[in-house]
file my_file_31.cif (mmCIF, C-alpha atoms and all ligand atoms)
data_structure
loop_
_atom_site.label_atom_id
_atom_site.label_comp_id
_atom_site.auth_asym_id
_atom_site.auth_seq_id
_atom_site.Cartn_x
_atom_site.Cartn_y
_atom_site.Cartn_z
CA MET A 1 -235.82 -54.77 -87.69
CA LEU A 2 -236.86 -56.73 -84.60
CA THR A 3 -240.57 -56.20 -83.99
CA ASN A 4 -241.12 -58.63 -81.11
CA LYS A 5 -238.66 -57.42 -78.49
CA PRO A 6 -237.75 -60.26 -76.09
CA LYS A 7 -238.11 -59.80 -72.33
CA THR A 8 -234.38 -60.44 -71.97
CA LYS A 9 -232.42 -57.23 -72.57
CA ILE A 10 -229.87 -57.40 -75.35
CA LEU A 11 -226.42 -55.90 -74.92
CA VAL A 12 -223.68 -55.67 -77.51
CA ASP A 13 -220.45 -57.34 -76.40
CA GLY A 14 -217.75 -55.23 -78.03
CA GLY A 15 -215.44 -52.26 -77.99
CA ASP A 16 -216.27 -50.45 -81.22
CA PRO A 17 -219.03 -47.78 -81.33
CA GLU A 18 -219.45 -48.41 -85.06
CA GLU A 19 -220.51 -51.98 -84.30
CA THR A 20 -223.03 -50.70 -81.78
CA ARG A 21 -224.44 -48.34 -84.39
CA ARG A 22 -224.67 -51.18 -86.93
CA ILE A 23 -226.53 -53.42 -84.48
CA LYS A 24 -228.84 -50.60 -83.49
CA ASN A 25 -229.77 -50.19 -87.15
CA LEU A 26 -230.25 -53.93 -87.51
CA LEU A 27 -232.39 -54.48 -84.40
CA GLY A 28 -233.92 -51.01 -84.07
CA PHE A 29 -232.57 -50.72 -80.51
CA VAL A 30 -229.71 -51.79 -78.27
CA ASP A 31 -230.43 -52.14 -74.55
CA GLY A 32 -226.85 -51.89 -73.41
CA GLN A 33 -223.20 -52.68 -74.03
CA THR A 34 -220.42 -54.56 -72.31
CA THR A 35 -216.75 -53.77 -72.84
CA ASN A 36 -213.58 -55.31 -71.44
CA PRO A 37 -209.81 -54.76 -71.85
CA SER A 38 -209.55 -57.40 -74.63
CA LEU A 39 -212.38 -55.81 -76.62
CA ILE A 40 -210.96 -52.29 -76.14
CA ALA A 41 -207.53 -53.46 -77.33
CA LYS A 42 -209.23 -54.56 -80.58
CA ASN A 43 -210.96 -51.20 -81.13
CA PRO A 44 -210.09 -50.09 -84.69
CA GLU A 45 -209.04 -46.57 -83.66
CA ILE A 46 -206.74 -47.90 -80.95
CA ARG A 47 -205.35 -50.41 -83.47
CA SER A 48 -204.63 -47.69 -86.02
CA LEU A 49 -202.92 -45.52 -83.38
CA LEU A 50 -200.68 -48.45 -82.53
CA ASP A 51 -200.12 -49.39 -86.18
CA SER A 52 -198.99 -45.85 -86.92
CA GLY A 53 -196.22 -46.41 -84.38
CA GLN A 54 -197.81 -44.52 -81.49
CA VAL A 55 -197.58 -45.96 -78.04
CA LEU A 56 -200.04 -45.10 -75.31
CA SER A 57 -199.37 -44.24 -71.71
CA ALA A 58 -201.79 -45.66 -69.13
CA GLU A 59 -203.38 -42.19 -68.94
CA GLN A 60 -203.82 -42.01 -72.74
CA GLU A 61 -205.32 -45.48 -72.81
CA LYS A 62 -207.82 -44.39 -70.17
CA ASP A 63 -208.67 -41.32 -72.28
CA GLU A 64 -209.26 -43.55 -75.31
CA TYR A 65 -211.45 -45.89 -73.24
CA ARG A 66 -213.46 -42.88 -72.03
CA LYS A 67 -213.92 -41.62 -75.62
CA ILE A 68 -215.17 -45.04 -76.72
CA VAL A 69 -217.74 -45.40 -73.94
CA ARG A 70 -218.88 -41.80 -74.41
CA ARG A 71 -219.70 -42.56 -78.03
CA ILE A 72 -221.52 -45.76 -77.12
CA SER A 73 -223.43 -44.38 -74.13
CA PRO A 74 -226.13 -42.34 -75.97
CA MET A 75 -226.83 -45.21 -78.39
CA VAL A 76 -227.94 -47.70 -75.74
CA GLY A 77 -230.91 -48.10 -73.41
CA ASP A 78 -231.22 -48.53 -69.68
CA ALA A 79 -229.07 -51.67 -69.40
CA GLY A 80 -226.17 -49.20 -69.59
CA VAL A 81 -222.54 -49.52 -70.62
CA SER A 82 -220.31 -51.80 -68.56
CA ILE A 83 -216.81 -50.39 -68.10
CA GLU A 84 -214.12 -52.65 -66.64
CA VAL A 85 -211.57 -51.53 -64.06
CA PHE A 86 -207.95 -52.52 -64.53
CA ALA A 87 -207.20 -55.30 -62.06
CA ASP A 88 -204.27 -57.64 -61.73
CA PHE A 89 -203.52 -59.88 -58.75
CA THR A 90 -202.00 -57.04 -56.75
CA THR A 91 -204.80 -54.49 -57.28
CA THR A 92 -206.56 -53.78 -53.99
CA ALA A 93 -210.29 -53.24 -53.51
CA GLN A 94 -209.61 -49.60 -52.69
CA GLN A 95 -207.68 -49.14 -55.95
CA MET A 96 -210.47 -50.78 -57.93
CA LEU A 97 -213.02 -48.60 -56.17
CA SER A 98 -211.09 -45.40 -57.01
CA GLN A 99 -211.05 -46.40 -60.68
CA GLY A 100 -214.72 -47.37 -60.49
CA GLU A 101 -215.70 -44.01 -58.99
CA GLU A 102 -213.89 -42.17 -61.78
CA MET A 103 -215.30 -44.38 -64.57
CA PHE A 104 -218.80 -44.07 -63.14
CA SER A 105 -218.58 -40.30 -63.71
CA TRP A 106 -217.68 -40.71 -67.41
CA ILE A 107 -221.24 -41.36 -68.62
CA PRO A 108 -224.71 -41.24 -67.03
CA ASN A 109 -225.45 -44.93 -67.66
CA ALA A 110 -222.25 -46.67 -66.49
CA TYR A 111 -222.01 -50.06 -64.81
CA ILE A 112 -218.62 -50.76 -63.30
CA LYS A 113 -217.17 -54.18 -63.94
CA TYR A 114 -215.22 -55.79 -61.15
CA PRO A 115 -213.71 -59.28 -61.31
CA CYS A 116 -215.27 -62.02 -59.20
CA THR A 117 -212.35 -62.17 -56.75
CA HIS A 118 -212.06 -61.30 -53.08
CA GLU A 119 -210.81 -57.77 -53.82
CA GLY A 120 -213.28 -57.34 -56.68
CA LEU A 121 -216.22 -58.26 -54.46
CA ARG A 122 -215.01 -55.97 -51.71
CA ALA A 123 -214.83 -53.15 -54.27
CA ALA A 124 -218.34 -54.07 -55.47
CA GLN A 125 -219.67 -54.03 -51.92
CA MET A 126 -218.21 -50.57 -51.28
CA SER A 127 -219.48 -49.40 -54.68
CA VAL A 128 -223.10 -50.37 -54.11
CA GLN A 129 -222.98 -48.64 -50.72
CA ARG A 130 -222.03 -45.48 -52.67
CA GLY A 131 -224.79 -45.90 -55.27
CA ILE A 132 -222.44 -47.08 -58.04
CA ARG A 133 -223.98 -49.64 -60.41
CA VAL A 134 -221.89 -52.81 -60.70
CA ASN A 135 -221.39 -55.80 -62.97
CA ILE A 136 -219.40 -58.67 -61.49
CA THR A 137 -217.54 -60.32 -64.30
CA LEU A 138 -215.62 -63.57 -64.83
CA CYS A 139 -218.18 -65.65 -62.91
CA PHE A 140 -217.73 -69.38 -63.44
CA SER A 141 -219.42 -71.06 -60.48
CA GLN A 142 -222.65 -71.04 -58.55
CA SER A 143 -220.81 -70.26 -55.31
CA GLN A 144 -219.27 -67.16 -56.91
CA ALA A 145 -222.80 -66.09 -57.89
CA ALA A 146 -223.99 -66.68 -54.31
CA ALA A 147 -221.12 -64.46 -53.08
CA VAL A 148 -222.14 -61.75 -55.57
CA TYR A 149 -225.70 -61.87 -54.24
CA SER A 150 -224.52 -61.56 -50.67
CA ALA A 151 -221.87 -58.85 -51.30
CA THR A 152 -224.29 -56.57 -53.18
CA ARG A 153 -227.28 -56.96 -50.86
CA GLY A 154 -228.98 -53.61 -50.25
CA SER A 155 -227.92 -52.14 -53.60
CA LYS A 156 -230.40 -49.53 -54.75
CA HIS A 157 -229.76 -50.47 -58.39
CA PRO A 158 -229.86 -54.01 -59.77
CA ALA A 159 -226.36 -55.50 -59.63
CA TYR A 160 -225.31 -57.64 -62.59
CA VAL A 161 -223.54 -60.98 -62.42
CA SER A 162 -221.91 -62.21 -65.64
CA PRO A 163 -221.61 -66.00 -65.94
CA PHE A 164 -219.23 -66.79 -68.84
CA VAL A 165 -220.91 -69.52 -70.88
CA GLY A 166 -218.51 -70.01 -73.81
CA ARG A 167 -215.38 -70.31 -71.72
CA LEU A 168 -216.95 -73.18 -69.70
CA ASP A 169 -218.08 -74.84 -72.94
CA ASP A 170 -214.50 -74.50 -74.19
CA ARG A 171 -213.34 -76.84 -71.47
CA GLY A 172 -216.11 -79.36 -71.91
CA GLU A 173 -218.58 -78.11 -69.27
CA ASP A 174 -222.08 -76.97 -70.13
CA GLY A 175 -221.86 -73.23 -69.51
CA MET A 176 -225.61 -72.76 -69.94
CA ASP A 177 -226.11 -75.08 -66.94
CA LEU A 178 -224.35 -72.50 -64.80
CA VAL A 179 -226.76 -69.82 -66.01
CA LYS A 180 -229.73 -72.11 -65.30
CA ASN A 181 -228.42 -73.02 -61.83
CA ILE A 182 -227.84 -69.38 -60.85
CA LYS A 183 -231.33 -68.54 -62.04
CA GLN A 184 -232.80 -71.32 -59.89
CA MET A 185 -230.74 -70.24 -56.87
CA TYR A 186 -231.76 -66.57 -57.22
CA GLU A 187 -235.47 -67.37 -57.76
CA PRO A 188 -236.51 -67.19 -54.07
CA GLY A 189 -234.25 -64.15 -53.48
CA ASP A 190 -235.11 -60.45 -53.42
CA GLY A 191 -234.26 -59.91 -57.11
CA HIS A 192 -231.45 -57.38 -56.54
CA VAL A 193 -229.03 -59.28 -58.81
CA TYR A 194 -229.71 -59.62 -62.53
CA ILE A 195 -228.15 -62.42 -64.55
CA LEU A 196 -226.24 -61.17 -67.58
CA ALA A 197 -225.39 -64.23 -69.69
CA ALA A 198 -221.94 -63.54 -71.18
CA SER A 199 -219.32 -65.20 -73.37
CA ILE A 200 -222.09 -66.07 -75.80
CA ARG A 201 -220.63 -67.85 -78.82
CA ASN A 202 -223.59 -69.02 -80.89
CA LEU A 203 -227.27 -68.71 -81.65
CA ASN A 204 -228.16 -71.63 -79.38
CA HIS A 205 -226.65 -69.83 -76.37
CA LEU A 206 -228.71 -66.77 -77.25
CA LEU A 207 -231.97 -68.65 -77.77
CA TYR A 208 -231.55 -70.66 -74.57
CA SER A 209 -230.87 -67.43 -72.65
CA PHE A 210 -234.23 -66.15 -73.95
CA ALA A 211 -235.93 -69.44 -73.08
CA LEU A 212 -234.54 -69.36 -69.53
CA GLY A 213 -235.76 -65.78 -69.19
CA VAL A 214 -232.51 -64.31 -67.89
CA GLU A 215 -232.69 -60.56 -67.39
CA LEU A 216 -229.84 -59.70 -69.77
CA VAL A 217 -227.60 -61.25 -72.39
CA THR A 218 -224.48 -59.72 -73.94
CA VAL A 219 -223.84 -60.86 -77.47
CA PRO A 220 -221.06 -60.38 -80.02
CA THR A 221 -222.07 -58.66 -83.25
CA LYS A 222 -221.50 -61.82 -85.25
CA VAL A 223 -224.10 -63.80 -83.30
CA LEU A 224 -226.64 -60.95 -83.48
CA GLU A 225 -226.14 -60.89 -87.25
CA GLN A 226 -226.73 -64.66 -87.41
CA TRP A 227 -229.94 -64.13 -85.45
CA ALA A 228 -231.03 -61.36 -87.83
CA ALA A 229 -230.36 -63.71 -90.76
CA LYS A 230 -232.91 -66.09 -89.18
CA ASN A 231 -235.45 -63.25 -88.98
CA PHE A 232 -234.93 -62.96 -85.23
CA ALA A 233 -236.55 -66.36 -84.60
CA MET A 234 -237.49 -66.85 -80.95
CA PRO A 235 -237.38 -70.19 -79.11
CA GLY A 236 -240.77 -71.89 -79.28
CA SER A 237 -242.37 -73.85 -76.42
CA ASP A 238 -240.76 -76.97 -77.90
CA PHE A 239 -237.26 -75.45 -77.76
CA SER A 240 -234.72 -77.81 -76.26
CA TYR A 241 -231.09 -76.89 -75.76
CA LYS A 242 -228.53 -79.44 -76.89
CA PRO A 243 -225.28 -78.80 -75.08
CA ALA A 244 -222.45 -79.39 -77.53
CA ASN A 245 -219.17 -77.68 -78.33
CA SER A 246 -218.27 -76.27 -81.74
CA SER A 247 -217.17 -79.72 -82.97
CA GLY A 248 -220.46 -81.26 -81.88
CA HIS A 249 -219.13 -83.09 -78.78
CA ALA A 250 -221.53 -83.27 -75.85
CA LEU A 251 -220.75 -81.11 -72.80
CA ARG A 252 -220.65 -82.29 -69.19
CA SER A 253 -223.57 -81.01 -67.18
CA ILE A 254 -222.96 -78.88 -64.08
CA PRO A 255 -225.12 -80.09 -61.17
CA TYR A 256 -227.21 -77.66 -59.10
CA GLN A 257 -225.97 -77.10 -55.55
CA THR A 258 -228.14 -75.95 -52.67
CA MET A 259 -226.65 -72.80 -51.11
CA ASP A 260 -227.76 -70.42 -48.40
CA MET A 261 -227.32 -66.91 -49.79
CA SER A 262 -228.01 -65.34 -46.40
CA HIS A 263 -224.42 -66.21 -45.40
CA SER A 264 -221.74 -63.54 -45.65
CA TRP A 265 -220.05 -63.39 -49.04
CA GLU A 266 -216.65 -64.21 -47.55
CA SER A 267 -217.96 -67.65 -46.55
CA PHE A 268 -218.38 -68.78 -50.18
CA ASP A 269 -215.63 -70.37 -52.25
CA ILE A 270 -214.96 -67.72 -54.86
CA SER A 271 -211.79 -69.19 -56.33
CA HIS A 272 -212.00 -70.44 -59.89
CA GLU A 273 -209.20 -71.32 -62.29
CA LEU A 274 -210.99 -69.60 -65.18
CA THR A 275 -211.38 -66.37 -63.19
CA THR A 276 -207.60 -66.41 -62.65
CA LYS A 277 -206.96 -67.13 -66.34
CA GLY A 278 -209.44 -64.44 -67.36
CA ILE A 279 -207.62 -61.83 -65.29
CA GLU A 280 -204.27 -62.89 -66.78
CA GLN A 281 -205.71 -62.50 -70.28
CA PHE A 282 -207.27 -59.08 -69.56
CA VAL A 283 -203.98 -57.83 -68.08
CA ALA A 284 -202.06 -59.04 -71.14
CA ASP A 285 -204.53 -57.41 -73.53
CA TYR A 286 -204.57 -54.19 -71.53
CA GLN A 287 -200.77 -54.08 -71.58
CA SER A 288 -200.59 -54.89 -75.28
CA THR A 289 -201.63 -51.31 -76.05
CA LEU A 290 -199.29 -49.65 -73.57
CA ARG A 291 -195.85 -48.14 -73.81
CA ARG A 292 -193.34 -50.63 -72.53
CA SER A 293 -191.07 -49.41 -69.78
CA ALA A 294 -187.42 -49.74 -70.85
C1 LIG A 301 -218.76 -59.78 -71.23
O1 LIG A 301 -218.93 -58.99 -70.33
C2 LIG A 301 -217.51 -60.50 -71.42
O2 LIG A 301 -216.45 -59.62 -71.36
C3 LIG A 301 -217.50 -61.31 -72.68
O3 LIG A 301 -218.78 -61.85 -72.91
C4 LIG A 301 -216.41 -62.35 -72.75
O4 LIG A 301 -216.59 -63.20 -73.85
P1 LIG A 301 -215.45 -64.19 -74.40
O5 LIG A 301 -215.37 -65.37 -73.49
O6 LIG A 301 -215.92 -64.57 -75.75
O7 LIG A 301 -214.16 -63.40 -74.39
#

call {"tool": "encode", "arguments": {"input": "my_file_31.cif", "output": "structure tokens"}}
result
Amino acid sequence: MLTNKPKTKILVDGGDPEETRRIKNLLGFVDGQTTNPSLIAKNPEIRSLLDSGQVLSAEQEKDEYRKIVRRISPMVGDAGVSIEVFADFTTTAQQMLSQGEEMFSWIPNAYIKYPCTHEGLRAAQMSVQRGIRVNITLCFSQSQAAAVYSATRGSKHPAYVSPFVGRLDDRGEDGMDLVKNIKQMYEPGDGHVYILAASIRNLNHLLYSFALGVELVTVPTKVLEQWAAKNFAMPGSDFSYKPANSSGHALRSIPYQTMDMSHSWESFDISHELTTKGIEQFVADYQSTLRRSA
């Protein structure tokens, strides 16, 4: 059991309530949970429905998603459960918002995940105006994070931005640099956006997130179990992060850019190849569980 709770809130990155329960037993608490279409497609109950030859309609898949988050919701603390809207490249902000409004009513501690795209940010902006808590996902650049800050200004709840560390590492860039840069950029701000370090692949990502003092980190079960095996060691004052990929090759650093977050969110460059790829992958995983039209 973790006795020295870090300042950074710990979320489970997954789609299986049993995993959440296991981690809660291991740590003694879970602050929150993030889900996404890829994680939901891997949920063991959804898998066994599909393996038994059943096919799901979009409505049934939504019902399954709701059941999953309703089981997770009471197990987690005030960092809430992030639920992701379905969005492909034709989904409008209004369509995302309608889904978000419905999903927000599923559980009392929902955060609605919108992709960091033009339509996603418009949906997020309308959501915060309606008091809906948001998590902007698939963030891969500092200018996307600046746009998130600007689009969610005035939110009465903290808005989350999820920089994806592992996916930047995968292509040779130091994903933790992005987290560090966003933190530096947000420092003089009004604090309405919380950084949720995501796509965490190893213990070093987790420890560096603690050392940077980000508000939240979402972590796969496997990495939390590795941390438990090290008796929940925390980074000491001598902790230094060595950016390297899984084969030990050094990662390219991402330089800090000075940005004026008082500008309107539409003025920032929010395009990113990995955001596009991420949406493609989520759509494919979402559709993998659905009945094919003939
Ligand atoms: C969290 O919100 C994300 O969905 C998740 O961390 C993605 O991680 P991955 O890059 O390992 O898929």

call {"tool": "axis_aligned_box", "arguments": {"input": "my_file_31.cif", "around": "region 198-212 of chain A", "padding_each_side": "5 Å", "output": "JSON"}}
result
{"center_x": -227.6, "center_y": -67.6, "center_z": -75.6, "size_x": 26.6, "size_y": 18.1, "size_z": 22.1}

call {"tool": "closest_residue", "arguments": {"input": "my_file_31.cif", "among": "A:Asn231, A:Gln281, A:Gln287, A:Ser209", "to": "ligand LIG 301 (chain A)", "atoms": "only C-alpha atoms and all ligand atoms"}}
result
A:Gln281

call {"tool": "atom_distance", "arguments": {"input": "my_file_31.cif", "atom1": "CA of Leu251 (chain A)", "atom2": "atom O4 of ligand LIG 301 (chain A)"}}
result
18.4 Å

call {"tool": "residues_near_ligand", "arguments": {"input": "my_file_31.cif", "ligand": "ligand LIG 301 (chain A)", "cutoff": "10 Å", "atoms": "only C-alpha atoms and all ligand atoms", "output": "PyMOL selection string"}}
result
chain A and resi 11-15+33-39+82-84+113+135-139+161-170+196-201+217-220+278+281-282

call {"tool": "atom_distance", "arguments": {"input": "my_file_31.cif", "atom1": "CA of Glu273 (chain A)", "atom2": "CA of Thr258 (chain A)"}}
result
21.7 Å

call {"tool": "residues_around", "arguments": {"input": "my_file_31.cif", "residues": "Ala151 (chain A)", "least_positions_apart": "2", "cutoff": "7 Å", "atoms": "all atoms listed in the file", "output": "PDB file with C-alpha atoms, keeping the file's coordinate frame"}}
result
ATOM      1  CA  LEU A 121    -216.220 -58.260 -54.460  1.00  0.00           C
ATOM      2  CA  GLN A 125    -219.670 -54.030 -51.920  1.00  0.00           C
ATOM      3  CA  ALA A 147    -221.120 -64.460 -53.080  1.00  0.00           C
ATOM      4  CA  VAL A 148    -222.140 -61.750 -55.570  1.00  0.00           C
ATOM      5  CA  TYR A 149    -225.700 -61.870 -54.240  1.00  0.00           C
ATOM      6  CA  ARG A 153    -227.280 -56.960 -50.860  1.00  0.00           C
ATOM      7  CA  TRP A 265    -220.050 -63.390 -49.040  1.00  0.00           C
TER       8      TRP A 265
END

call {"tool": "atom_distance", "arguments": {"input": "my_file_31.cif", "atom1": "CA of Gly32 (chain A)", "atom2": "CA of Ala79 (chain A)"}}
result
4.6 Å

call {"tool": "closest_residue", "arguments": {"input": "my_file_31.cif", "among": "A:Ser288, A:Thr90, A:Thr276, A:Gln60", "to": "Pro115 (chain A)", "atoms": "all atoms listed in the file"}}
result
A:Thr276

call {"tool": "closest_residue", "arguments": {"input": "my_file_31.cif", "among": "A:Ile72, A:Met1, A:Ser48, A:His118", "to": "Lys230 (chain A)", "atoms": "only C-alpha atoms"}}
result
A:Met1

call {"tool": "closest_residue", "arguments": {"input": "my_file_31.cif", "among": "A:Asp260, A:Glu280, A:Glu101, A:Asp16", "to": "Met185 (chain A)", "atoms": "only C-alpha atoms"}}
result
A:Asp260

call {"tool": "closest_residue", "arguments": {"input": "my_file_31.cif", "among": "A:Asn4, A:Ser141, A:Ser73, A:Thr20", "to": "Leu274 (chain A)", "atoms": "all atoms listed in the file"}}
result
A:Ser141

call {"tool": "closest_residue", "arguments": {"input": "my_file_31.cif", "among": "A:Ile182, A:Ile107, A:Met96, A:Ile40", "to": "Ile254 (chain A)", "atoms": "all atoms listed in the file"}}
result
A:Ile182

call {"tool": "residues_around", "arguments": {"input": "my_file_31.cif", "residues": "region 126-131 of chain A", "least_positions_apart": "6", "cutoff": "8 Å", "atoms": "all atoms listed in the file", "output": "list in words"}}
result
Leu97, Gly100, Glu101, Thr152, Gly154, Ser155, Lys156 and His157 of chain A

call {"tool": "residues_around", "arguments": {"input": "my_file_31.cif", "residues": "region 102-105 of chain A", "least_positions_apart": "4", "cutoff": "8 Å", "atoms": "all atoms listed in the file", "output": "list in words"}}
result
Arg66, Ile83, Ser98, Ala110, Tyr111, Ile112 and Ile132 of chain A

call {"tool": "residues_around", "arguments": {"input": "my_file_31.cif", "residues": "Glu119 (chain A)", "least_positions_apart": "6", "cutoff": "9 Å", "atoms": "only C-alpha atoms", "output": "list in words"}}
result
Thr91, Thr92, Ala93, Gln94 and Met96 of chain A

call {"tool": "build_atoms", "arguments": {"input": "my_file_31.cif", "residues": "region 112-124 of chain A", "atoms": "N, CA and C atoms", "output": "tab-separated table (two decimals), in the frame of the given file"}}
result
chain	number	residue	atom	x	y	z
A	112	ILE	N	-220.04	-50.51	-63.47
A	112	ILE	CA	-218.62	-50.76	-63.30
A	112	ILE	C	-218.38	-52.26	-63.12
A	113	LYS	N	-217.46	-52.74	-63.96
A	113	LYS	CA	-217.17	-54.18	-63.94
A	113	LYS	C	-216.00	-54.47	-63.02
A	114	TYR	N	-216.26	-55.33	-62.06
A	114	TYR	CA	-215.22	-55.79	-61.15
A	114	TYR	C	-215.10	-57.31	-61.31
A	115	PRO	N	-213.86	-57.83	-61.19
A	115	PRO	CA	-213.71	-59.28	-61.31
A	115	PRO	C	-214.27	-60.01	-60.09
A	116	CYS	N	-214.70	-61.23	-60.30
A	116	CYS	CA	-215.27	-62.02	-59.20
A	116	CYS	C	-214.15	-62.64	-58.35
A	117	THR	N	-213.43	-61.75	-57.66
A	117	THR	CA	-212.35	-62.17	-56.75
A	117	THR	C	-212.65	-61.53	-55.40
A	118	HIS	N	-211.86	-61.88	-54.41
A	118	HIS	CA	-212.06	-61.30	-53.08
A	118	HIS	C	-212.00	-59.78	-53.14
A	119	GLU	N	-210.95	-59.23	-53.76
A	119	GLU	CA	-210.81	-57.77	-53.82
A	119	GLU	C	-211.90	-57.15	-54.70
A	120	GLY	N	-212.24	-57.84	-55.79
A	120	GLY	CA	-213.28	-57.34	-56.68
A	120	GLY	C	-214.63	-57.26	-55.97
A	121	LEU	N	-214.93	-58.27	-55.18
A	121	LEU	CA	-216.22	-58.26	-54.46
A	121	LEU	C	-216.24	-57.22	-53.35
A	122	ARG	N	-215.08	-57.02	-52.73
A	122	ARG	CA	-215.01	-55.97	-51.71
A	122	ARG	C	-215.24	-54.59	-52.36
A	123	ALA	N	-214.64	-54.41	-53.54
A	123	ALA	CA	-214.83	-53.15	-54.27
A	123	ALA	C	-216.31	-53.00	-54.66
A	124	ALA	N	-216.93	-54.11	-55.07
A	124	ALA	CA	-218.34	-54.07	-55.47
A	124	ALA	C	-219.21	-53.71	-54.27
